[in-house]
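The file structure-v4.txt comes next; it holds compact mmCIF, C-alpha atoms (C1' of nucleotides) and all ligand atoms.
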# COMPACT_ATOMS: atom_id res chain seq x y z
CA MET A 17 53.09 130.87 70.11
CA ASP A 18 52.78 127.24 71.11
CA GLN A 19 54.37 125.27 68.29
CA PRO A 20 55.79 127.99 66.09
CA SER A 21 57.57 125.37 64.02
CA LEU A 22 58.24 121.82 64.95
CA LYS A 23 59.61 121.55 61.47
CA ALA A 24 62.05 124.39 62.11
CA VAL A 25 63.10 122.76 65.35
CA LEU A 26 63.80 119.49 63.60
CA GLY A 27 65.77 121.39 61.00
CA GLN A 28 67.83 123.03 63.72
CA ALA A 29 68.50 119.68 65.32
CA GLN A 30 69.47 118.16 62.02
CA ALA A 31 71.82 121.06 61.35
CA PHE A 32 73.46 120.59 64.73
CA PHE A 33 73.95 116.87 64.28
CA SER A 34 75.44 117.19 60.83
CA SER A 35 77.67 120.04 61.96
CA LYS A 36 79.15 117.55 64.38
CA GLY A 37 79.54 114.88 61.75
CA LEU A 38 76.65 112.95 63.30
CA ARG A 39 73.61 111.54 61.57
CA PHE A 40 70.04 112.53 62.19
CA THR A 41 68.71 109.00 62.36
CA LYS A 42 65.06 108.07 62.60
CA GLN A 43 65.53 107.22 66.29
CA ARG A 44 67.03 110.61 67.01
CA GLU A 45 64.31 112.28 65.03
CA ALA A 46 61.66 110.39 66.95
CA VAL A 47 63.13 111.44 70.27
CA THR A 48 63.53 115.03 69.18
CA THR A 49 60.00 115.17 67.85
CA LEU A 50 58.55 113.76 71.02
CA ILE A 51 60.43 116.29 73.13
CA PHE A 52 59.58 119.38 71.14
CA ARG A 53 56.05 118.50 70.15
CA THR A 54 54.55 118.68 73.60
CA GLN A 55 57.10 121.16 74.91
CA GLU A 56 56.82 119.98 78.47
CA HIS A 57 59.39 119.49 81.20
CA PHE A 58 60.17 115.81 81.41
CA ARG A 59 62.18 113.16 83.17
CA PRO A 60 64.24 110.90 80.93
CA GLU A 61 62.58 107.73 82.19
CA GLU A 62 59.19 109.20 81.54
CA LEU A 63 60.25 110.05 78.01
CA CYS A 64 61.34 106.45 77.51
CA GLU A 65 57.93 105.25 78.53
CA ARG A 66 56.14 107.71 76.30
CA LEU A 67 58.26 106.67 73.36
CA ARG A 68 57.64 103.01 74.06
CA LYS A 69 53.91 103.62 73.85
CA SER A 70 54.21 105.48 70.57
CA ASP A 71 54.61 103.86 67.20
CA SER A 72 58.22 104.90 66.82
CA SER A 73 60.85 103.38 69.03
CA ALA A 74 64.33 103.79 70.42
CA SER A 75 66.23 102.08 73.15
CA ARG A 76 66.82 103.64 76.51
CA ALA A 77 70.50 104.08 75.71
CA THR A 78 69.71 105.94 72.51
CA ILE A 79 67.21 108.17 74.25
CA TYR A 80 69.72 109.15 76.90
CA ARG A 81 72.37 109.76 74.29
CA THR A 82 70.06 111.90 72.20
CA ILE A 83 69.14 113.97 75.21
CA LEU A 84 72.82 114.66 75.84
CA HIS A 85 73.32 115.75 72.27
CA LEU A 86 70.36 118.09 72.39
CA VAL A 87 71.65 119.62 75.60
CA GLU A 88 75.01 120.14 73.97
CA SER A 89 73.30 121.82 71.05
CA GLY A 90 71.70 124.30 73.41
CA MET A 91 68.18 123.34 72.34
CA LEU A 92 67.47 121.51 75.59
CA ARG A 93 68.35 122.45 79.15
CA GLU A 94 68.60 120.54 82.37
CA ILE A 95 66.67 122.21 85.16
CA SER A 96 65.73 121.49 88.74
CA LEU A 97 62.33 122.06 90.25
CA GLY A 98 63.32 120.59 93.61
CA GLY A 99 63.24 117.13 95.10
CA GLY A 100 66.55 116.27 93.51
CA GLU A 101 64.92 114.95 90.37
CA ARG A 102 66.54 115.65 87.04
CA LEU A 103 64.27 117.41 84.58
CA TYR A 104 64.81 118.58 81.05
CA ASP A 105 63.24 121.71 79.63
CA PRO A 106 62.69 122.21 75.89
CA ASN A 107 61.20 125.69 76.32
CA PHE A 108 64.36 127.72 76.37
CA LEU A 109 64.17 127.75 72.60
CA LYS A 110 61.15 129.99 72.62
CA SER A 111 61.84 131.68 75.95
CA PRO A 112 65.60 131.81 76.47
CA HIS A 113 65.65 133.37 79.92
CA HIS A 114 62.58 132.04 81.61
CA ASN A 115 62.25 131.15 85.26
CA HIS A 116 59.89 128.84 87.14
CA LEU A 117 57.12 129.31 89.62
CA VAL A 118 55.93 126.12 91.30
CA CYS A 119 52.76 125.81 93.34
CA VAL A 120 53.41 123.67 96.40
CA ASP A 121 49.71 122.83 96.59
CA CYS A 122 48.82 121.70 93.11
CA ARG A 123 52.30 121.40 91.54
CA LYS A 124 51.28 123.72 88.76
CA ILE A 125 54.30 125.20 87.01
CA VAL A 126 54.30 128.67 85.52
CA GLU A 127 57.11 130.03 83.41
CA PHE A 128 57.93 133.71 83.33
CA GLU A 129 60.55 136.11 82.08
CA ASP A 130 61.44 139.47 83.52
CA PRO A 131 64.14 141.60 81.93
CA ASN A 132 64.50 143.83 84.97
CA LEU A 133 65.13 140.86 87.17
CA ASP A 134 67.79 139.69 84.74
CA ILE A 135 69.48 143.06 84.83
CA MET A 136 69.53 143.12 88.59
CA GLN A 137 70.92 139.60 88.76
CA ASN A 138 73.67 140.52 86.32
CA CYS A 139 74.61 143.59 88.32
CA ILE A 140 74.87 141.64 91.53
CA THR A 141 76.87 138.91 89.88
CA ARG A 142 79.39 141.31 88.42
CA ARG A 143 79.63 143.22 91.65
CA MET A 144 80.77 139.98 93.23
CA GLY A 145 83.48 139.48 90.64
CA PHE A 146 81.70 136.95 88.44
CA SER A 147 80.69 136.94 84.79
CA PRO A 148 77.30 135.22 84.65
CA THR A 149 76.80 132.47 82.11
CA GLU A 150 73.54 130.93 83.26
CA LYS A 151 70.89 131.79 85.81
CA ALA A 152 68.21 129.62 87.34
CA LEU A 153 65.52 131.05 89.58
CA ARG A 154 62.90 128.79 91.06
CA ILE A 155 60.18 130.17 93.26
CA GLU A 156 57.90 127.95 95.26
CA GLY A 157 54.63 129.28 96.49
CA ARG A 158 50.93 128.90 96.52
CA CYS A 159 48.84 129.96 93.60
CA ASP A 160 45.94 132.17 94.52
CA MET A 161 43.14 129.67 94.30
CA LEU A 162 40.30 132.13 94.52
CA ARG A 163 41.58 134.33 91.76
CA LEU A 164 42.83 131.57 89.55
CA LEU A 165 39.84 129.36 90.14
CA GLY A 166 39.93 126.55 87.66
CA THR A 167 43.61 126.64 86.91
CA CYS A 168 44.72 125.31 90.28
CA LYS A 169 43.96 121.62 90.13
CA ASN A 170 43.95 121.37 93.87
CA PHE A 171 41.22 123.89 94.29
CA ASN A 172 39.02 121.76 92.09
CA ALA A 173 39.59 118.90 94.47
CA ALA A 174 37.65 121.15 96.85
CA GLY A 175 38.48 121.56 100.47
CA LYS A 176 40.94 118.75 100.95
CA LYS A 177 44.31 120.19 100.13
CA GLY A 178 46.40 118.08 102.46
CA GLN A 179 47.07 115.01 100.39
CA ARG A 180 49.32 116.28 97.63
CA ASP A 181 52.98 116.26 98.64
CA LYS A 182 54.83 114.39 95.94
CA ALA A 183 51.67 112.73 94.69
CA SER A 184 51.79 115.09 91.75
CA LYS A 185 50.89 112.23 89.49
CA GLY A 186 49.58 109.47 91.74
CA MET B 10 80.05 135.18 112.31
CA ASP B 11 81.24 131.68 111.46
CA GLN B 12 80.21 129.52 114.37
CA PRO B 13 78.09 131.86 116.43
CA SER B 14 76.94 128.97 118.58
CA LEU B 15 77.19 125.31 117.81
CA LYS B 16 75.83 124.86 121.28
CA ALA B 17 72.80 127.00 120.46
CA VAL B 18 72.26 125.02 117.28
CA LEU B 19 72.34 121.75 119.17
CA GLY B 20 69.89 123.23 121.64
CA GLN B 21 67.56 124.20 118.83
CA ALA B 22 67.78 120.72 117.38
CA GLN B 23 67.12 119.15 120.71
CA ALA B 24 64.13 121.41 121.21
CA PHE B 25 62.73 120.40 117.85
CA PHE B 26 63.16 116.71 118.46
CA SER B 27 61.55 116.79 121.86
CA SER B 28 58.71 118.96 120.57
CA LYS B 29 57.95 116.08 118.25
CA GLY B 30 58.15 113.49 121.00
CA LEU B 31 61.45 112.26 119.59
CA ARG B 32 64.71 111.67 121.39
CA PHE B 33 67.93 113.50 120.80
CA THR B 34 70.11 110.42 120.83
CA LYS B 35 73.87 110.43 120.70
CA GLN B 36 73.73 109.35 117.05
CA ARG B 37 71.46 112.24 116.15
CA GLU B 38 73.62 114.60 118.09
CA ALA B 39 76.73 113.35 116.32
CA VAL B 40 75.13 113.86 112.91
CA THR B 41 73.82 117.28 113.83
CA THR B 42 77.17 118.34 115.21
CA LEU B 43 79.01 117.20 112.14
CA ILE B 44 76.63 119.10 109.88
CA PHE B 45 76.66 122.38 111.73
CA ARG B 46 80.25 122.44 112.82
CA THR B 47 81.75 122.83 109.38
CA GLN B 48 78.72 124.57 107.92
CA GLU B 49 79.37 123.32 104.41
CA HIS B 50 77.08 122.12 101.67
CA PHE B 51 77.21 118.35 101.63
CA ARG B 52 75.96 115.22 99.96
CA PRO B 53 74.49 112.60 102.29
CA GLU B 54 76.92 109.90 101.24
CA GLU B 55 79.82 112.20 101.86
CA LEU B 56 78.48 112.91 105.32
CA CYS B 57 78.30 109.18 105.97
CA GLU B 58 81.92 108.82 105.08
CA ARG B 59 82.99 111.74 107.21
CA LEU B 60 81.12 110.34 110.16
CA ARG B 61 82.63 106.93 109.66
CA LYS B 62 86.09 108.45 109.92
CA SER B 63 85.25 110.31 113.09
CA ASP B 64 85.16 108.78 116.53
CA SER B 65 81.38 108.90 116.79
CA SER B 66 79.29 106.68 114.61
CA ALA B 67 75.84 106.16 113.14
CA SER B 68 74.50 103.90 110.45
CA ARG B 69 73.65 105.16 107.01
CA ALA B 70 69.97 104.70 107.71
CA THR B 71 70.16 106.82 110.83
CA ILE B 72 72.08 109.52 109.03
CA TYR B 73 69.50 109.73 106.28
CA ARG B 74 66.69 109.79 108.82
CA THR B 75 68.34 112.52 110.86
CA ILE B 76 68.80 114.63 107.76
CA LEU B 77 65.10 114.35 107.04
CA HIS B 78 64.26 115.44 110.55
CA LEU B 79 66.56 118.44 110.36
CA VAL B 80 65.02 119.46 107.07
CA GLU B 81 61.58 119.20 108.63
CA SER B 82 62.76 121.37 111.48
CA GLY B 83 63.77 124.07 109.05
CA MET B 84 67.37 124.04 110.21
CA LEU B 85 68.61 122.33 107.06
CA ARG B 86 67.61 122.86 103.45
CA GLU B 87 67.92 120.83 100.32
CA ILE B 88 69.44 122.79 97.48
CA SER B 89 70.55 122.18 93.94
CA LEU B 90 73.74 123.49 92.43
CA GLY B 91 73.18 121.69 89.14
CA GLY B 92 74.10 118.28 87.82
CA GLY B 93 71.11 116.71 89.49
CA GLU B 94 73.01 115.93 92.66
CA ARG B 95 71.21 116.35 95.94
CA LEU B 96 72.93 118.74 98.31
CA TYR B 97 72.03 119.91 101.79
CA ASP B 98 72.76 123.37 103.07
CA PRO B 99 73.08 124.17 106.80
CA ASN B 100 73.72 127.86 106.20
CA PHE B 101 70.15 129.07 106.03
CA LEU B 102 70.25 129.29 109.80
CA LYS B 103 72.65 132.21 109.73
CA SER B 104 71.65 133.55 106.31
CA PRO B 105 67.99 132.72 105.76
CA HIS B 106 67.64 134.09 102.24
CA HIS B 107 70.97 133.47 100.63
CA ASN B 108 71.56 132.52 97.02
CA HIS B 109 74.42 130.76 95.25
CA LEU B 110 77.02 131.77 92.75
CA VAL B 111 78.96 128.89 91.21
CA CYS B 112 82.12 129.26 89.17
CA VAL B 113 82.04 126.89 86.22
CA ASP B 114 85.82 126.95 86.05
CA CYS B 115 86.93 126.22 89.59
CA ARG B 116 83.61 125.19 91.17
CA LYS B 117 84.03 127.78 93.85
CA ILE B 118 80.72 128.58 95.54
CA VAL B 119 79.87 132.00 96.86
CA GLU B 120 76.79 132.74 98.92
CA PHE B 121 75.12 136.11 98.83
CA GLU B 122 72.00 137.88 99.99
CA ASP B 123 70.36 140.87 98.40
CA PRO B 124 67.23 142.38 99.91
CA ASN B 125 66.36 144.31 96.78
CA LEU B 126 66.47 141.19 94.71
CA ASP B 127 64.15 139.54 97.19
CA ILE B 128 61.72 142.41 96.98
CA MET B 129 61.67 142.28 93.22
CA GLN B 130 61.15 138.53 93.21
CA ASN B 131 58.26 138.88 95.62
CA CYS B 132 56.62 141.55 93.50
CA ILE B 133 56.86 139.45 90.37
CA THR B 134 55.56 136.40 92.16
CA ARG B 135 52.53 138.19 93.54
CA ARG B 136 51.86 139.84 90.23
CA MET B 137 51.52 136.35 88.80
CA GLY B 138 49.01 135.32 91.43
CA PHE B 139 51.32 133.41 93.72
CA SER B 140 52.29 133.80 97.35
CA PRO B 141 55.98 132.96 97.56
CA THR B 142 57.14 130.49 100.20
CA GLU B 143 60.66 129.74 99.08
CA LYS B 144 63.05 131.09 96.49
CA ALA B 145 66.17 129.55 95.04
CA LEU B 146 68.44 131.47 92.72
CA ARG B 147 71.54 129.84 91.34
CA ILE B 148 73.88 131.72 89.07
CA GLU B 149 76.63 130.02 87.17
CA GLY B 150 79.49 132.03 85.87
CA ARG B 151 83.19 132.56 85.85
CA CYS B 152 84.94 134.20 88.72
CA ASP B 153 87.23 136.99 87.66
CA MET B 154 90.55 135.22 87.94
CA LEU B 155 92.75 138.27 87.60
CA ARG B 156 90.96 140.21 90.26
CA LEU B 157 90.38 137.33 92.59
CA LEU B 158 93.83 135.88 92.09
CA GLY B 159 94.41 133.29 94.74
CA THR B 160 90.80 132.53 95.53
CA CYS B 161 90.07 130.81 92.22
CA LYS B 162 91.68 127.41 92.54
CA ASN B 163 91.78 127.00 88.81
CA PHE B 164 93.81 130.08 88.23
CA ASN B 165 96.44 128.69 90.50
CA ALA B 166 96.66 125.68 88.24
CA ALA B 167 98.04 128.25 85.83
CA GLY B 168 97.20 128.30 82.18
CA LYS B 169 95.53 124.96 81.83
CA LYS B 170 91.90 125.52 82.65
CA GLY B 171 90.40 122.76 80.52
CA GLN B 172 90.57 119.77 82.79
CA ARG B 173 88.10 120.58 85.51
CA ASP B 174 84.54 119.64 84.57
CA LYS B 175 83.21 117.52 87.39
CA ALA B 176 86.64 116.82 88.74
CA SER B 177 85.87 119.25 91.54
CA LYS B 178 87.42 116.83 93.96
CA GLY B 179 89.61 114.55 91.90
C1' DG C 7 62.86 94.39 136.84
C1' DG C 8 59.54 94.54 133.05
C1' DC C 9 56.88 96.68 129.47
C1' DA C 10 55.82 99.47 125.23
C1' DA C 11 57.40 102.79 122.20
C1' DA C 12 61.16 104.58 119.80
C1' DA C 13 65.47 104.04 117.58
C1' DT C 14 69.08 101.67 115.38
C1' DG C 15 71.63 99.10 111.92
C1' DA C 16 72.29 95.25 108.72
C1' DT C 17 70.43 94.06 104.65
C1' DA C 18 67.47 93.90 100.58
C1' DT C 19 65.38 96.46 97.15
C1' DT C 20 64.40 100.16 94.03
C1' DG C 21 65.27 103.81 90.63
C1' DC C 22 67.99 106.09 87.60
C1' DG C 23 71.71 106.75 84.90
C1' DT C 24 76.05 104.94 82.74
C1' DC C 25 78.95 101.58 80.50
C1' DT C 26 80.11 97.69 77.48
C1' DC C 27 80.09 95.33 73.50
C1' DA C 28 78.47 92.71 69.67
C1' DA C 29 75.46 93.44 65.89
C1' DT C 30 73.74 96.66 62.46
C1' DC C 31 73.64 100.61 59.62
C1' DT C 32 75.52 104.24 56.49
C1' DC C 33 78.42 106.31 53.37
C1' DG C 34 82.03 106.87 50.22
C1' DC C 35 85.34 104.39 47.35
C1' DG C 36 87.32 101.30 44.02
C1' DC D 18 78.18 96.29 43.07
C1' DG D 19 81.08 94.81 47.13
C1' DC D 20 84.04 96.51 50.87
C1' DG D 21 85.58 98.75 54.91
C1' DA D 22 85.70 102.48 58.33
C1' DG D 23 83.23 104.71 61.36
C1' DA D 24 78.84 105.75 63.40
C1' DT D 25 74.75 103.95 65.63
C1' DT D 26 71.94 100.97 68.01
C1' DG D 27 70.09 98.02 71.67
C1' DA D 28 70.40 94.46 75.26
C1' DG D 29 72.10 93.81 79.30
C1' DA D 30 75.44 94.48 83.02
C1' DC D 31 76.84 97.65 86.21
C1' DG D 32 77.31 101.47 89.95
C1' DC D 33 75.48 104.47 93.05
C1' DA D 34 72.30 106.90 95.91
C1' DA D 35 68.31 106.54 98.34
C1' DT D 36 64.52 103.94 100.45
C1' DA D 37 62.23 100.04 102.62
C1' DT D 38 62.22 96.15 105.75
C1' DC D 39 62.66 94.05 109.94
C1' DA D 40 64.93 91.91 113.82
C1' DT D 41 67.45 93.71 117.65
C1' DT D 42 68.62 97.22 121.00
C1' DT D 43 67.77 101.19 123.72
C1' DT D 44 64.98 104.36 126.37
C1' DG D 45 61.55 106.23 129.41
C1' DC D 46 58.35 104.89 132.61
C1' DC D 47 55.86 102.23 135.95
MN MN E 1 60.59 125.78 81.68
MN MN E 2 74.39 127.87 100.85
ZN ZN E 3 48.07 125.72 92.99
ZN ZN E 4 86.72 130.31 89.52

Target encoding structure tokens, full file:
Amino acid sequence: MDQPSLKAVLGQAQAFFSSKGLRFTKQREAVTTLIFRTQEHFRPEELCERLRKSDSSASRATIYRTILHLVESGMLREISLGGGERLYDPNFLKSPHHNHLVCVDCRKIVEFEDPNLDIMQNCITRRMGFSPTEKALRIEGRCDMLRLLGTCKNFNAAGKKGQRDKASKG
Amino acid sequence: MDQPSLKAVLGQAQAFFSSKGLRFTKQREAVTTLIFRTQEHFRPEELCERLRKSDSSASRATIYRTILHLVESGMLREISLGGGERLYDPNFLKSPHHNHLVCVDCRKIVEFEDPNLDIMQNCITRRMGFSPTEKALRIEGRCDMLRLLGTCKNFNAAGKKGQRDKASKG
DNA sequence: GGCAAAATGATATTGCGTCTCAATCTCGCG
DNA sequence: CGCGAGATTGAGACGCAATATCATTTTGCC
């Protein structure tokens, strides 16, 4: 279920570009590949850096432009996990309605879907006179370290769980 | 239910500041007053401008610092309504669990609470091994223009509903 | 008044995203 | 093949929000 088809994804991207009279250049392919190969949430600047380190290459401008195109195609979505930072999420392709759970201790991110939740959200929305087009639920919390021993990075750092904050990568 | 007590709010702020060994200066009071008098979502820069126009005054630095303090006090919350822009929300004081409905046509924002939704979110969160600390649900959609005639700004602009986008204030 | 801590505000700096524009690429056509 | 229109790229300039710095001012207290 991880990479069901990078090839298919590239095909879909190519189809979108050509449907718009745009070309699927090697730069755009490189960006698209990088995004959908690891399937992780990312910041644009971080993507630039990753691409710079790889063998392929594209300028910052091209990377930003490609991201916009992919968003327009529906293959990529902008999300927010707090802190005002702009993130992009390539996982709506395989999980079109997923939400996010973020551990405030170890910054672990868990994606989940729940049809019943969706139904309830839709009901409420309509009751208030709206037709929903997009929903984004983000839940912050603490992952249960004892039960999930080993998956919470902060638990591994034993005992001292006070120095995380936004040092999620420092 | 609108301004149940600006005075009480200022008292609460003052209490927080002094509990931290900080002073409730006239600048901080001016910022706090401005935030909680209109009770609207705001961007920091916009708050700066509003304060500049008023009779009171505070530097940008002080405004940003005061915002941080108020967030730490729990009286103010950072939210995201999409587009990656940082917004602050003073309304969690009177409605501690509210969510946001945003009309993609007219940018109207509606706040709502729903205890059942909260319960369901909590259940799901715990089922996944998390203890929830904060939840943020944002729903984008279209407000029903026919039914809500007069409240959807875009409907008033009769017929031509293509030129909004991010011109929510142009 | 005089001191130390806290607070302020002008300014510099950073980070991120957008814009501009000249150079390059691609494709179809004669 | 050689050309030209339109698309694409990339370097750099730019704009804006937010943060950091630091000298000056204010405050509470003795
Ligand atoms: Mn995701
Ligand atoms: Mn709100
Ligand atoms: Zn954790
Ligand atoms: Zn509307």

Give me, as a list in words, the contact residues of chain B against chain C at a cut-off of 12 Å, counting all atoms listed in the file.
-> Gly30, Leu31, Arg32, Phe33, Thr34, Lys35, Gln36, Arg37, Ser66, Ala67, Ser68, Arg69, Ala70, Thr71, Ile72, Arg74, Thr75 and Gly93 of chain B

Write out the residues from the selection above, keeping C-alpha atoms, as a PDB file, keeping the file's coordinate frame.
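Done, and the output landed in again09.pdb:
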ATOM      1  CA  GLY B  30      58.150 113.490 121.000  1.00  0.00           C
ATOM      2  CA  LEU B  31      61.450 112.260 119.590  1.00  0.00           C
ATOM      3  CA  ARG B  32      64.710 111.670 121.390  1.00  0.00           C
ATOM      4  CA  PHE B  33      67.930 113.500 120.800  1.00  0.00           C
ATOM      5  CA  THR B  34      70.110 110.420 120.830  1.00  0.00           C
ATOM      6  CA  LYS B  35      73.870 110.430 120.700  1.00  0.00           C
ATOM      7  CA  GLN B  36      73.730 109.350 117.050  1.00  0.00           C
ATOM      8  CA  ARG B  37      71.460 112.240 116.150  1.00  0.00           C
ATOM      9  CA  SER B  66      79.290 106.680 114.610  1.00  0.00           C
ATOM     10  CA  ALA B  67      75.840 106.160 113.140  1.00  0.00           C
ATOM     11  CA  SER B  68      74.500 103.900 110.450  1.00  0.00           C
ATOM     12  CA  ARG B  69      73.650 105.160 107.010  1.00  0.00           C
ATOM     13  CA  ALA B  70      69.970 104.700 107.710  1.00  0.00           C
ATOM     14  CA  THR B  71      70.160 106.820 110.830  1.00  0.00           C
ATOM     15  CA  ILE B  72      72.080 109.520 109.030  1.00  0.00           C
ATOM     16  CA  ARG B  74      66.690 109.790 108.820  1.00  0.00           C
ATOM     17  CA  THR B  75      68.340 112.520 110.860  1.00  0.00           C
ATOM     18  CA  GLY B  93      71.110 116.710  89.490  1.00  0.00           C
TER      19      GLY B  93
END

Using atom CA of Gly83 of chain B and atom CA of Leu102 of chain B as the two end points, give the distance in Å to one decimal.
->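 Distance between the two atoms: 8.4 Å.
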
What are the closest atom pairs, with distances in Å to one decimal, for all residues of chain A lying within 6 Å of ligand ZN 3 (chain E)? Consider only C-alpha atoms and all ligand atoms, order rows by chain and residue number, and present the result as CSV.
residue,atom,partner,partner_atom,distance
A:Cys119,CA,E:ZN3,ZN,4.7
A:Asp121,CA,E:ZN3,ZN,4.9
A:Cys122,CA,E:ZN3,ZN,4.1
A:Lys124,CA,E:ZN3,ZN,5.7
A:Arg158,CA,E:ZN3,ZN,5.5
A:Cys159,CA,E:ZN3,ZN,4.4
A:Cys168,CA,E:ZN3,ZN,4.3

Enumerate residues in contact with ligand MN 2 (chain E): an atom-to-atom distance of at most 9 Å, counting all atoms listed in the file. Format the result as a ChimeraX atom specification.
-> /B:48-50,86,88,97-101,104,107-109,118-121

Once you count all atoms listed in the file, which residues of chain A turn out to be within 7 Å of chain B? Could you give them as a list in words?
->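 Only these qualify: Gly100, Glu101, Arg102, Gly145, Phe146, Ser147, Pro148, Thr149, Glu150, Lys151, Ala152, Leu153, Arg154, Ile155, Glu156, Gly157, Arg158, Cys159 and Asp160 of chain A.
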
Take the residues from that selection and write them out as an mmCIF file, keeping the file's coordinate frame, keeping C-alpha atoms.
data_model
loop_
_atom_site.group_PDB
_atom_site.id
_atom_site.type_symbol
_atom_site.label_atom_id
_atom_site.label_comp_id
_atom_site.auth_asym_id
_atom_site.auth_seq_id
_atom_site.Cartn_x
_atom_site.Cartn_y
_atom_site.Cartn_z
ATOM 1 C CA GLY A 100 66.550 116.270 93.510
ATOM 2 C CA GLU A 101 64.920 114.950 90.370
ATOM 3 C CA ARG A 102 66.540 115.650 87.040
ATOM 4 C CA GLY A 145 83.480 139.480 90.640
ATOM 5 C CA PHE A 146 81.700 136.950 88.440
ATOM 6 C CA SER A 147 80.690 136.940 84.790
ATOM 7 C CA PRO A 148 77.300 135.220 84.650
ATOM 8 C CA THR A 149 76.800 132.470 82.110
ATOM 9 C CA GLU A 150 73.540 130.930 83.260
ATOM 10 C CA LYS A 151 70.890 131.790 85.810
ATOM 11 C CA ALA A 152 68.210 129.620 87.340
ATOM 12 C CA LEU A 153 65.520 131.050 89.580
ATOM 13 C CA ARG A 154 62.900 128.790 91.060
ATOM 14 C CA ILE A 155 60.180 130.170 93.260
ATOM 15 C CA GLU A 156 57.900 127.950 95.260
ATOM 16 C CA GLY A 157 54.630 129.280 96.490
ATOM 17 C CA ARG A 158 50.930 128.900 96.520
ATOM 18 C CA CYS A 159 48.840 129.960 93.600
ATOM 19 C CA ASP A 160 45.940 132.170 94.520
#

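For the pair atom CA of Cys139 of chain A and atom CA of Arg136 of chain B, the interatomic distance is 23.1 Å.
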
For chain B, work out the contacting residues on chain D at 10 Å, counting all atoms listed in the file, and write them as a PyMOL selection string.
-> chain D and resi 33-36+43-44

Using atom CA of Ile51 of chain A and atom CA of Val87 of chain A as the two end points, give the distance in Å to one decimal.
->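 Atom-to-atom, atom CA of Ile51 of chain A and atom CA of Val87 of chain A are spaced 12.0 Å apart.
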